[in-house]
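**Student:** work.pdb is reproduced below (PDB, N, CA and C atoms, pLDDT in the B column).
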```pdb
MODEL        1
ATOM      1  N   MET A   1       0.424  11.000  -8.778  1.00 71.00           N
ATOM      2  CA  MET A   1       1.008  10.088  -7.814  1.00 71.00           C
ATOM      3  C   MET A   1       2.501  10.029  -8.087  1.00 71.00           C
ATOM      4  N   PRO A   2       3.319  10.210  -7.057  1.00 76.00           N
ATOM      5  CA  PRO A   2       4.761  10.137  -7.267  1.00 76.00           C
ATOM      6  C   PRO A   2       5.192   8.718  -7.641  1.00 76.00           C
ATOM      7  N   GLN A   3       6.293   8.657  -8.392  1.00 80.00           N
ATOM      8  CA  GLN A   3       6.847   7.367  -8.787  1.00 80.00           C
ATOM      9  C   GLN A   3       7.378   6.649  -7.550  1.00 80.00           C
ATOM     10  N   ILE A   4       6.927   5.422  -7.327  1.00 82.00           N
ATOM     11  CA  ILE A   4       7.375   4.641  -6.184  1.00 82.00           C
ATOM     12  C   ILE A   4       8.462   3.680  -6.655  1.00 82.00           C
ATOM     13  N   GLU A   5       9.580   3.731  -6.016  1.00 86.00           N
ATOM     14  CA  GLU A   5      10.698   2.857  -6.368  1.00 86.00           C
ATOM     15  C   GLU A   5      10.860   1.802  -5.277  1.00 86.00           C
ATOM     16  N   PHE A   6      11.013   0.560  -5.684  1.00 91.00           N
ATOM     17  CA  PHE A   6      11.240  -0.536  -4.758  1.00 91.00           C
ATOM     18  C   PHE A   6      12.676  -1.014  -4.875  1.00 91.00           C
ATOM     19  N   THR A   7      13.185  -1.537  -3.779  1.00 95.00           N
ATOM     20  CA  THR A   7      14.539  -2.091  -3.796  1.00 95.00           C
ATOM     21  C   THR A   7      14.514  -3.401  -4.591  1.00 95.00           C
ATOM     22  N   PRO A   8      15.674  -3.833  -5.060  1.00 95.00           N
ATOM     23  CA  PRO A   8      15.718  -5.130  -5.753  1.00 95.00           C
ATOM     24  C   PRO A   8      15.169  -6.271  -4.889  1.00 95.00           C
ATOM     25  N   GLU A   9      15.405  -6.201  -3.588  1.00 97.00           N
ATOM     26  CA  GLU A   9      14.904  -7.233  -2.680  1.00 97.00           C
ATOM     27  C   GLU A   9      13.381  -7.218  -2.623  1.00 97.00           C
ATOM     28  N   GLU A  10      12.805  -6.007  -2.547  1.00 96.00           N
ATOM     29  CA  GLU A  10      11.344  -5.891  -2.525  1.00 96.00           C
ATOM     30  C   GLU A  10      10.741  -6.405  -3.830  1.00 96.00           C
ATOM     31  N   LYS A  11      11.356  -6.042  -4.953  1.00 95.00           N
ATOM     32  CA  LYS A  11      10.870  -6.515  -6.252  1.00 95.00           C
ATOM     33  C   LYS A  11      10.911  -8.038  -6.323  1.00 95.00           C
ATOM     34  N   ALA A  12      11.999  -8.618  -5.853  1.00 96.00           N
ATOM     35  CA  ALA A  12      12.134 -10.081  -5.879  1.00 96.00           C
ATOM     36  C   ALA A  12      11.055 -10.735  -5.022  1.00 96.00           C
ATOM     37  N   LEU A  13      10.760 -10.154  -3.865  1.00 97.00           N
ATOM     38  CA  LEU A  13       9.707 -10.699  -3.000  1.00 97.00           C
ATOM     39  C   LEU A  13       8.334 -10.596  -3.661  1.00 97.00           C
ATOM     40  N   MET A  14       8.067  -9.472  -4.318  1.00 97.00           N
ATOM     41  CA  MET A  14       6.782  -9.311  -4.997  1.00 97.00           C
ATOM     42  C   MET A  14       6.641 -10.318  -6.137  1.00 97.00           C
ATOM     43  N   VAL A  15       7.703 -10.508  -6.898  1.00 97.00           N
ATOM     44  CA  VAL A  15       7.682 -11.477  -7.990  1.00 97.00           C
ATOM     45  C   VAL A  15       7.412 -12.871  -7.437  1.00 97.00           C
ATOM     46  N   ALA A  16       8.110 -13.227  -6.371  1.00 97.00           N
ATOM     47  CA  ALA A  16       7.928 -14.551  -5.772  1.00 97.00           C
ATOM     48  C   ALA A  16       6.500 -14.737  -5.263  1.00 97.00           C
ATOM     49  N   GLU A  17       5.953 -13.720  -4.615  1.00 97.00           N
ATOM     50  CA  GLU A  17       4.582 -13.799  -4.097  1.00 97.00           C
ATOM     51  C   GLU A  17       3.574 -13.983  -5.228  1.00 97.00           C
ATOM     52  N   LEU A  18       3.708 -13.198  -6.283  1.00 97.00           N
ATOM     53  CA  LEU A  18       2.754 -13.280  -7.381  1.00 97.00           C
ATOM     54  C   LEU A  18       2.885 -14.605  -8.138  1.00 97.00           C
ATOM     55  N   LYS A  19       4.116 -15.039  -8.362  1.00 97.00           N
ATOM     56  CA  LYS A  19       4.321 -16.332  -9.016  1.00 97.00           C
ATOM     57  C   LYS A  19       3.690 -17.451  -8.197  1.00 97.00           C
ATOM     58  N   ASP A  20       3.918 -17.409  -6.892  1.00 97.00           N
ATOM     59  CA  ASP A  20       3.359 -18.424  -5.999  1.00 97.00           C
ATOM     60  C   ASP A  20       1.832 -18.405  -6.044  1.00 97.00           C
ATOM     61  N   TYR A  21       1.243 -17.222  -6.037  1.00 97.00           N
ATOM     62  CA  TYR A  21      -0.214 -17.098  -6.094  1.00 97.00           C
ATOM     63  C   TYR A  21      -0.758 -17.724  -7.376  1.00 97.00           C
ATOM     64  N   PHE A  22      -0.152 -17.372  -8.493  1.00 97.00           N
ATOM     65  CA  PHE A  22      -0.630 -17.904  -9.772  1.00 97.00           C
ATOM     66  C   PHE A  22      -0.513 -19.429  -9.826  1.00 97.00           C
ATOM     67  N   GLU A  23       0.561 -19.950  -9.261  1.00 97.00           N
ATOM     68  CA  GLU A  23       0.744 -21.407  -9.273  1.00 97.00           C
ATOM     69  C   GLU A  23      -0.259 -22.108  -8.357  1.00 97.00           C
ATOM     70  N   ARG A  24      -0.441 -21.590  -7.140  1.00 97.00           N
ATOM     71  CA  ARG A  24      -1.342 -22.218  -6.175  1.00 97.00           C
ATOM     72  C   ARG A  24      -2.809 -22.045  -6.528  1.00 97.00           C
ATOM     73  N   GLU A  25      -3.202 -20.810  -6.819  1.00 97.00           N
ATOM     74  CA  GLU A  25      -4.624 -20.499  -6.973  1.00 97.00           C
ATOM     75  C   GLU A  25      -5.141 -20.684  -8.398  1.00 97.00           C
ATOM     76  N   LEU A  26      -4.283 -20.481  -9.375  1.00 97.00           N
ATOM     77  CA  LEU A  26      -4.739 -20.511 -10.768  1.00 97.00           C
ATOM     78  C   LEU A  26      -4.105 -21.636 -11.581  1.00 97.00           C
ATOM     79  N   ASP A  27      -3.235 -22.403 -10.935  1.00 97.00           N
ATOM     80  CA  ASP A  27      -2.531 -23.485 -11.607  1.00 97.00           C
ATOM     81  C   ASP A  27      -1.876 -22.999 -12.904  1.00 97.00           C
ATOM     82  N   GLN A  28      -1.262 -21.824 -12.805  1.00 96.00           N
ATOM     83  CA  GLN A  28      -0.634 -21.170 -13.953  1.00 96.00           C
ATOM     84  C   GLN A  28       0.798 -20.803 -13.586  1.00 96.00           C
ATOM     85  N   GLU A  29       1.745 -21.201 -14.407  1.00 96.00           N
ATOM     86  CA  GLU A  29       3.139 -20.849 -14.154  1.00 96.00           C
ATOM     87  C   GLU A  29       3.518 -19.619 -14.957  1.00 96.00           C
ATOM     88  N   LEU A  30       4.135 -18.678 -14.289  1.00 96.00           N
ATOM     89  CA  LEU A  30       4.645 -17.472 -14.939  1.00 96.00           C
ATOM     90  C   LEU A  30       6.154 -17.447 -14.768  1.00 96.00           C
ATOM     91  N   ASP A  31       6.860 -16.987 -15.803  1.00 95.00           N
ATOM     92  CA  ASP A  31       8.297 -16.804 -15.616  1.00 95.00           C
ATOM     93  C   ASP A  31       8.532 -15.418 -15.013  1.00 95.00           C
ATOM     94  N   ARG A  32       9.754 -15.135 -14.680  1.00 95.00           N
ATOM     95  CA  ARG A  32      10.072 -13.878 -13.989  1.00 95.00           C
ATOM     96  C   ARG A  32       9.681 -12.665 -14.826  1.00 95.00           C
ATOM     97  N   PHE A  33       9.987 -12.708 -16.127  1.00 96.00           N
ATOM     98  CA  PHE A  33       9.668 -11.581 -17.004  1.00 96.00           C
ATOM     99  C   PHE A  33       8.159 -11.321 -17.042  1.00 96.00           C
ATOM    100  N   GLU A  34       7.359 -12.369 -17.219  1.00 96.00           N
ATOM    101  CA  GLU A  34       5.905 -12.223 -17.247  1.00 96.00           C
ATOM    102  C   GLU A  34       5.381 -11.658 -15.931  1.00 96.00           C
ATOM    103  N   THR A  35       5.952 -12.142 -14.840  1.00 96.00           N
ATOM    104  CA  THR A  35       5.513 -11.693 -13.522  1.00 96.00           C
ATOM    105  C   THR A  35       5.847 -10.224 -13.305  1.00 96.00           C
ATOM    106  N   GLU A  36       7.061  -9.820 -13.678  1.00 95.00           N
ATOM    107  CA  GLU A  36       7.447  -8.409 -13.536  1.00 95.00           C
ATOM    108  C   GLU A  36       6.565  -7.520 -14.407  1.00 95.00           C
ATOM    109  N   PHE A  37       6.268  -7.979 -15.616  1.00 95.00           N
ATOM    110  CA  PHE A  37       5.398  -7.221 -16.515  1.00 95.00           C
ATOM    111  C   PHE A  37       4.005  -7.070 -15.902  1.00 95.00           C
ATOM    112  N   LEU A  38       3.483  -8.143 -15.330  1.00 96.00           N
ATOM    113  CA  LEU A  38       2.158  -8.105 -14.706  1.00 96.00           C
ATOM    114  C   LEU A  38       2.142  -7.152 -13.516  1.00 96.00           C
ATOM    115  N   ILE A  39       3.186  -7.186 -12.703  1.00 95.00           N
ATOM    116  CA  ILE A  39       3.270  -6.273 -11.557  1.00 95.00           C
ATOM    117  C   ILE A  39       3.275  -4.826 -12.037  1.00 95.00           C
ATOM    118  N   LYS A  40       4.061  -4.522 -13.080  1.00 93.00           N
ATOM    119  CA  LYS A  40       4.102  -3.155 -13.605  1.00 93.00           C
ATOM    120  C   LYS A  40       2.742  -2.733 -14.154  1.00 93.00           C
ATOM    121  N   ALA A  41       2.085  -3.639 -14.872  1.00 94.00           N
ATOM    122  CA  ALA A  41       0.788  -3.309 -15.455  1.00 94.00           C
ATOM    123  C   ALA A  41      -0.255  -3.075 -14.365  1.00 94.00           C
ATOM    124  N   LEU A  42      -0.288  -3.947 -13.360  1.00 93.00           N
ATOM    125  CA  LEU A  42      -1.237  -3.770 -12.261  1.00 93.00           C
ATOM    126  C   LEU A  42      -0.944  -2.498 -11.485  1.00 93.00           C
ATOM    127  N   SER A  43       0.330  -2.220 -11.271  1.00 91.00           N
ATOM    128  CA  SER A  43       0.707  -1.003 -10.544  1.00 91.00           C
ATOM    129  C   SER A  43       0.255   0.237 -11.297  1.00 91.00           C
ATOM    130  N   LYS A  44       0.444   0.216 -12.618  1.00 91.00           N
ATOM    131  CA  LYS A  44       0.078   1.377 -13.428  1.00 91.00           C
ATOM    132  C   LYS A  44      -1.435   1.589 -13.425  1.00 91.00           C
ATOM    133  N   ARG A  45      -2.192   0.498 -13.527  1.00 93.00           N
ATOM    134  CA  ARG A  45      -3.646   0.617 -13.630  1.00 93.00           C
ATOM    135  C   ARG A  45      -4.346   0.727 -12.280  1.00 93.00           C
ATOM    136  N   LEU A  46      -3.789   0.104 -11.236  1.00 93.00           N
ATOM    137  CA  LEU A  46      -4.471   0.058  -9.943  1.00 93.00           C
ATOM    138  C   LEU A  46      -3.717   0.750  -8.815  1.00 93.00           C
ATOM    139  N   GLY A  47      -2.475   1.074  -9.042  1.00 91.00           N
ATOM    140  CA  GLY A  47      -1.633   1.622  -7.982  1.00 91.00           C
ATOM    141  C   GLY A  47      -2.205   2.850  -7.305  1.00 91.00           C
ATOM    142  N   ALA A  48      -2.805   3.743  -8.083  1.00 92.00           N
ATOM    143  CA  ALA A  48      -3.345   4.978  -7.505  1.00 92.00           C
ATOM    144  C   ALA A  48      -4.454   4.693  -6.493  1.00 92.00           C
ATOM    145  N   TYR A  49      -5.237   3.640  -6.730  1.00 95.00           N
ATOM    146  CA  TYR A  49      -6.292   3.289  -5.776  1.00 95.00           C
ATOM    147  C   TYR A  49      -5.691   2.906  -4.419  1.00 95.00           C
ATOM    148  N   PHE A  50      -4.646   2.078  -4.452  1.00 94.00           N
ATOM    149  CA  PHE A  50      -3.996   1.653  -3.209  1.00 94.00           C
ATOM    150  C   PHE A  50      -3.262   2.818  -2.549  1.00 94.00           C
ATOM    151  N   TYR A  51      -2.611   3.630  -3.361  1.00 94.00           N
ATOM    152  CA  TYR A  51      -1.890   4.798  -2.853  1.00 94.00           C
ATOM    153  C   TYR A  51      -2.856   5.755  -2.154  1.00 94.00           C
ATOM    154  N   ASN A  52      -3.965   6.062  -2.832  1.00 95.00           N
ATOM    155  CA  ASN A  52      -4.953   6.977  -2.248  1.00 95.00           C
ATOM    156  C   ASN A  52      -5.562   6.404  -0.975  1.00 95.00           C
ATOM    157  N   ARG A  53      -5.846   5.096  -0.966  1.00 97.00           N
ATOM    158  CA  ARG A  53      -6.397   4.478   0.240  1.00 97.00           C
ATOM    159  C   ARG A  53      -5.412   4.634   1.398  1.00 97.00           C
ATOM    160  N   GLY A  54      -4.140   4.443   1.127  1.00 96.00           N
ATOM    161  CA  GLY A  54      -3.122   4.616   2.166  1.00 96.00           C
ATOM    162  C   GLY A  54      -3.108   6.043   2.697  1.00 96.00           C
ATOM    163  N   LEU A  55      -3.229   7.014   1.790  1.00 96.00           N
ATOM    164  CA  LEU A  55      -3.279   8.413   2.223  1.00 96.00           C
ATOM    165  C   LEU A  55      -4.511   8.684   3.078  1.00 96.00           C
ATOM    166  N   TRP A  56      -5.657   8.165   2.645  1.00 97.00           N
ATOM    167  CA  TRP A  56      -6.897   8.387   3.401  1.00 97.00           C
ATOM    168  C   TRP A  56      -6.821   7.730   4.784  1.00 97.00           C
ATOM    169  N   ASP A  57      -6.261   6.530   4.832  1.00 98.00           N
ATOM    170  CA  ASP A  57      -6.113   5.839   6.113  1.00 98.00           C
ATOM    171  C   ASP A  57      -5.173   6.619   7.036  1.00 98.00           C
ATOM    172  N   ALA A  58      -4.072   7.116   6.483  1.00 98.00           N
ATOM    173  CA  ALA A  58      -3.127   7.896   7.286  1.00 98.00           C
ATOM    174  C   ALA A  58      -3.793   9.176   7.781  1.00 98.00           C
ATOM    175  N   GLN A  59      -4.578   9.816   6.920  1.00 98.00           N
ATOM    176  CA  GLN A  59      -5.271  11.043   7.317  1.00 98.00           C
ATOM    177  C   GLN A  59      -6.270  10.771   8.442  1.00 98.00           C
ATOM    178  N   GLU A  60      -6.967   9.658   8.362  1.00 97.00           N
ATOM    179  CA  GLU A  60      -7.934   9.294   9.408  1.00 97.00           C
ATOM    180  C   GLU A  60      -7.230   9.053  10.745  1.00 97.00           C
ATOM    181  N   ILE A  61      -6.111   8.351  10.710  1.00 98.00           N
ATOM    182  CA  ILE A  61      -5.350   8.100  11.941  1.00 98.00           C
ATOM    183  C   ILE A  61      -4.862   9.414  12.529  1.00 98.00           C
ATOM    184  N   LEU A  62      -4.334  10.292  11.675  1.00 97.00           N
ATOM    185  CA  LEU A  62      -3.876  11.600  12.155  1.00 97.00           C
ATOM    186  C   LEU A  62      -5.021  12.396  12.767  1.00 97.00           C
ATOM    187  N   SER A  63      -6.181  12.358  12.141  1.00 97.00           N
ATOM    188  CA  SER A  63      -7.346  13.076  12.648  1.00 97.00           C
ATOM    189  C   SER A  63      -7.748  12.553  14.025  1.00 97.00           C
ATOM    190  N   GLN A  64      -7.761  11.236  14.182  1.00 97.00           N
ATOM    191  CA  GLN A  64      -8.097  10.643  15.480  1.00 97.00           C
ATOM    192  C   GLN A  64      -7.081  11.042  16.549  1.00 97.00           C
ATOM    193  N   ARG A  65      -5.813  11.012  16.185  1.00 97.00           N
ATOM    194  CA  ARG A  65      -4.774  11.384  17.155  1.00 97.00           C
ATOM    195  C   ARG A  65      -4.865  12.862  17.518  1.00 97.00           C
ATOM    196  N   LEU A  66      -5.165  13.705  16.528  1.00 97.00           N
ATOM    197  CA  LEU A  66      -5.302  15.133  16.801  1.00 97.00           C
ATOM    198  C   LEU A  66      -6.496  15.391  17.713  1.00 97.00           C
ATOM    199  N   ASP A  67      -7.599  14.670  17.480  1.00 96.00           N
ATOM    200  CA  ASP A  67      -8.767  14.804  18.365  1.00 96.00           C
ATOM    201  C   ASP A  67      -8.409  14.404  19.800  1.00 96.00           C
ATOM    202  N   ALA A  68      -7.668  13.304  19.946  1.00 95.00           N
ATOM    203  CA  ALA A  68      -7.260  12.854  21.282  1.00 95.00           C
ATOM    204  C   ALA A  68      -6.344  13.882  21.935  1.00 95.00           C
ATOM    205  N   LEU A  69      -5.446  14.463  21.157  1.00 96.00           N
ATOM    206  CA  LEU A  69      -4.537  15.474  21.694  1.00 96.00           C
ATOM    207  C   LEU A  69      -5.303  16.729  22.102  1.00 96.00           C
ATOM    208  N   THR A  70      -6.256  17.128  21.287  1.00 95.00           N
ATOM    209  CA  THR A  70      -7.080  18.293  21.618  1.00 95.00           C
ATOM    210  C   THR A  70      -7.841  18.052  22.914  1.00 95.00           C
ATOM    211  N   SER A  71      -8.377  16.853  23.077  1.00 94.00           N
ATOM    212  CA  SER A  71      -9.083  16.512  24.316  1.00 94.00           C
ATOM    213  C   SER A  71      -8.145  16.548  25.513  1.00 94.00           C
ATOM    214  N   ALA A  72      -6.956  15.987  25.346  1.00 95.00           N
ATOM    215  CA  ALA A  72      -5.985  15.959  26.442  1.00 95.00           C
ATOM    216  C   ALA A  72      -5.591  17.369  26.851  1.00 95.00           C
ATOM    217  N   ILE A  73      -5.424  18.238  25.886  1.00 95.00           N
ATOM    218  CA  ILE A  73      -5.072  19.631  26.196  1.00 95.00           C
ATOM    219  C   ILE A  73      -6.231  20.311  26.919  1.00 95.00           C
ATOM    220  N   SER A  74      -7.453  20.063  26.468  1.00 93.00           N
ATOM    221  CA  SER A  74      -8.631  20.656  27.127  1.00 93.00           C
ATOM    222  C   SER A  74      -8.730  20.235  28.579  1.00 93.00           C
ATOM    223  N   GLU A  75      -8.376  18.984  28.865  1.00 93.00           N
ATOM    224  CA  GLU A  75      -8.414  18.483  30.243  1.00 93.00           C
ATOM    225  C   GLU A  75      -7.401  19.185  31.138  1.00 93.00           C
ATOM    226  N   LEU A  76      -6.352  19.729  30.563  1.00 94.00           N
ATOM    227  CA  LEU A  76      -5.319  20.422  31.340  1.00 94.00           C
ATOM    228  C   LEU A  76      -5.692  21.870  31.668  1.00 94.00           C
ATOM    229  N   GLU A  77      -6.704  22.373  31.014  1.00 93.00           N
ATOM    230  CA  GLU A  77      -7.095  23.773  31.240  1.00 93.00           C
ATOM    231  C   GLU A  77      -7.517  23.986  32.682  1.00 93.00           C
ATOM    232  N   GLU A  78      -7.118  25.107  33.190  1.00 92.00           N
ATOM    233  CA  GLU A  78      -7.492  25.514  34.546  1.00 92.00           C
ATOM    234  C   GLU A  78      -8.744  26.368  34.474  1.00 92.00           C
ATOM    235  N   PRO A  79      -9.636  26.227  35.446  1.00 89.00           N
ATOM    236  CA  PRO A  79     -10.830  27.059  35.433  1.00 89.00           C
ATOM    237  C   PRO A  79     -10.467  28.529  35.687  1.00 89.00           C
ATOM    238  N   VAL A  80     -11.203  29.391  35.068  1.00 90.00           N
ATOM    239  CA  VAL A  80     -10.995  30.835  35.270  1.00 90.00           C
ATOM    240  C   VAL A  80     -12.283  31.452  35.796  1.00 90.00           C
ATOM    241  N   ASP A  81     -12.110  32.454  36.589  1.00 84.00           N
ATOM    242  CA  ASP A  81     -13.289  33.137  37.171  1.00 84.00           C
ATOM    243  C   ASP A  81     -13.802  34.209  36.293  1.00 84.00           C
TER     244      ASP A  81
ENDMDL
END
```
Turn the structure described in the file into structure tokens.

**Tutor:**
Amino acid sequence: MPQIEFTPEEKALMVAELKDYFERELDQELDRFETEFLIKALSKRLGAYFYNRGLWDAQEILSQRLDALTSAISELEEPVD
């Protein structure tokens, strides 16, 4: 899996989201360092699953679009004797 780089803004949003989740759902406060560490650890251990799912979903969409395009082209065919 290629290394995915996020912008500082994206990283800040992810940290804020995870901190908020831990506070609301688990009544646990994390500081920024702990949150960034957790994001890196989860990304390392689980990232490939999400990455692969995204690839599979994209492949399925492409396959559906290609099928539709193939059908559209078939409809344009002229009959031959």

**Student:** Give me the residues near A:Glu36 as a list in words, where near means some atom within 9 Å (using only C-alpha atoms) and where sequence neighbours in that chain fewer than 5 positions away do not count.

**Tutor:**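 So, after excluding close chain neighbours, the residues are Lys11, Met14, Val15, Asp31 and Ala41 of chain A.
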
**Student:** Which value, in Å to one decimal, gives the distance between atom CA of A:Phe6 and atom CA of A:Ile39?

**Tutor:**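 Computed distance, atom CA of A:Phe6 to atom CA of A:Ile39, equals 11.9 Å.
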
**Student:** Find the smallest box with edges along x, y and z containing every listed atom of stretch 38-53 of chain A, then add 4 Å on each side and report centre and edge lengths in Å to one decimal, as lines of an AutoDock Vina configuration file.

**Tutor:**
```
center_x = -1.1
center_y = -0.6
center_z = -7.0
size_x = 18.5
size_y = 23.1
size_z = 24.9
```

**Student:** From chain A, collect each residue whose DSSP state is alpha helix (DSSP H) and return the set as an MDAnalysis selection string.

**Tutor:** chainID A and resid 8:26 32:76

**Student:** Atom CA of A:Asp20 and atom CA of A:Pro8, how far apart in Å?

**Tutor:** 18.2 Å

**Student:** What does the structure give for the distance between atom N of A:Gln64 and atom N of A:Gly47, in Å to one decimal?

**Tutor:**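 These atoms are spaced 25.9 Å apart.
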
**Student:** Find the residues around A:Glu17 up to 12 Å (only C-alpha atoms counted), leave out those fewer than 5 positions away in its own chain, and share them as a list in words.

**Tutor:** Glu10, Lys11, Ala12, Phe22, Glu23, Arg24, Glu25, Leu30, Arg32, Thr35, Glu36 and Ile39 of chain A

**Student:** Could N, CA, C and O atoms be built for stretch 27-39 of chain A and written out as a short mmCIF file (atom, residue, chain, number, x, y, z; two decimals), keeping the file's coordinate frame?

**Tutor:**
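Output file part-v5.cif is given in full below:
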```cif
data_model
loop_
_atom_site.label_atom_id
_atom_site.label_comp_id
_atom_site.auth_asym_id
_atom_site.auth_seq_id
_atom_site.Cartn_x
_atom_site.Cartn_y
_atom_site.Cartn_z
N ASP A 27 -3.24 -22.40 -10.94
CA ASP A 27 -2.53 -23.48 -11.61
C ASP A 27 -1.88 -23.00 -12.90
O ASP A 27 -1.95 -23.64 -13.94
N GLN A 28 -1.26 -21.82 -12.80
CA GLN A 28 -0.63 -21.17 -13.95
C GLN A 28 0.80 -20.80 -13.59
O GLN A 28 1.03 -20.18 -12.56
N GLU A 29 1.74 -21.20 -14.41
CA GLU A 29 3.14 -20.85 -14.15
C GLU A 29 3.52 -19.62 -14.96
O GLU A 29 3.23 -19.54 -16.15
N LEU A 30 4.14 -18.68 -14.29
CA LEU A 30 4.64 -17.47 -14.94
C LEU A 30 6.15 -17.45 -14.77
O LEU A 30 6.67 -17.79 -13.71
N ASP A 31 6.86 -16.99 -15.80
CA ASP A 31 8.30 -16.80 -15.62
C ASP A 31 8.53 -15.42 -15.01
O ASP A 31 7.60 -14.63 -14.83
N ARG A 32 9.75 -15.14 -14.68
CA ARG A 32 10.07 -13.88 -13.99
C ARG A 32 9.68 -12.66 -14.83
O ARG A 32 9.11 -11.70 -14.32
N PHE A 33 9.99 -12.71 -16.13
CA PHE A 33 9.67 -11.58 -17.00
C PHE A 33 8.16 -11.32 -17.04
O PHE A 33 7.71 -10.18 -16.92
N GLU A 34 7.36 -12.37 -17.22
CA GLU A 34 5.90 -12.22 -17.25
C GLU A 34 5.38 -11.66 -15.93
O GLU A 34 4.49 -10.80 -15.92
N THR A 35 5.95 -12.14 -14.84
CA THR A 35 5.51 -11.69 -13.52
C THR A 35 5.85 -10.22 -13.30
O THR A 35 5.01 -9.45 -12.82
N GLU A 36 7.06 -9.82 -13.68
CA GLU A 36 7.45 -8.41 -13.54
C GLU A 36 6.56 -7.52 -14.41
O GLU A 36 6.15 -6.44 -13.99
N PHE A 37 6.27 -7.98 -15.62
CA PHE A 37 5.40 -7.22 -16.52
C PHE A 37 4.00 -7.07 -15.90
O PHE A 37 3.41 -5.99 -15.93
N LEU A 38 3.48 -8.14 -15.33
CA LEU A 38 2.16 -8.10 -14.71
C LEU A 38 2.14 -7.15 -13.52
O LEU A 38 1.20 -6.37 -13.35
N ILE A 39 3.19 -7.19 -12.70
CA ILE A 39 3.27 -6.27 -11.56
C ILE A 39 3.28 -4.83 -12.04
O ILE A 39 2.56 -3.97 -11.49
#
```
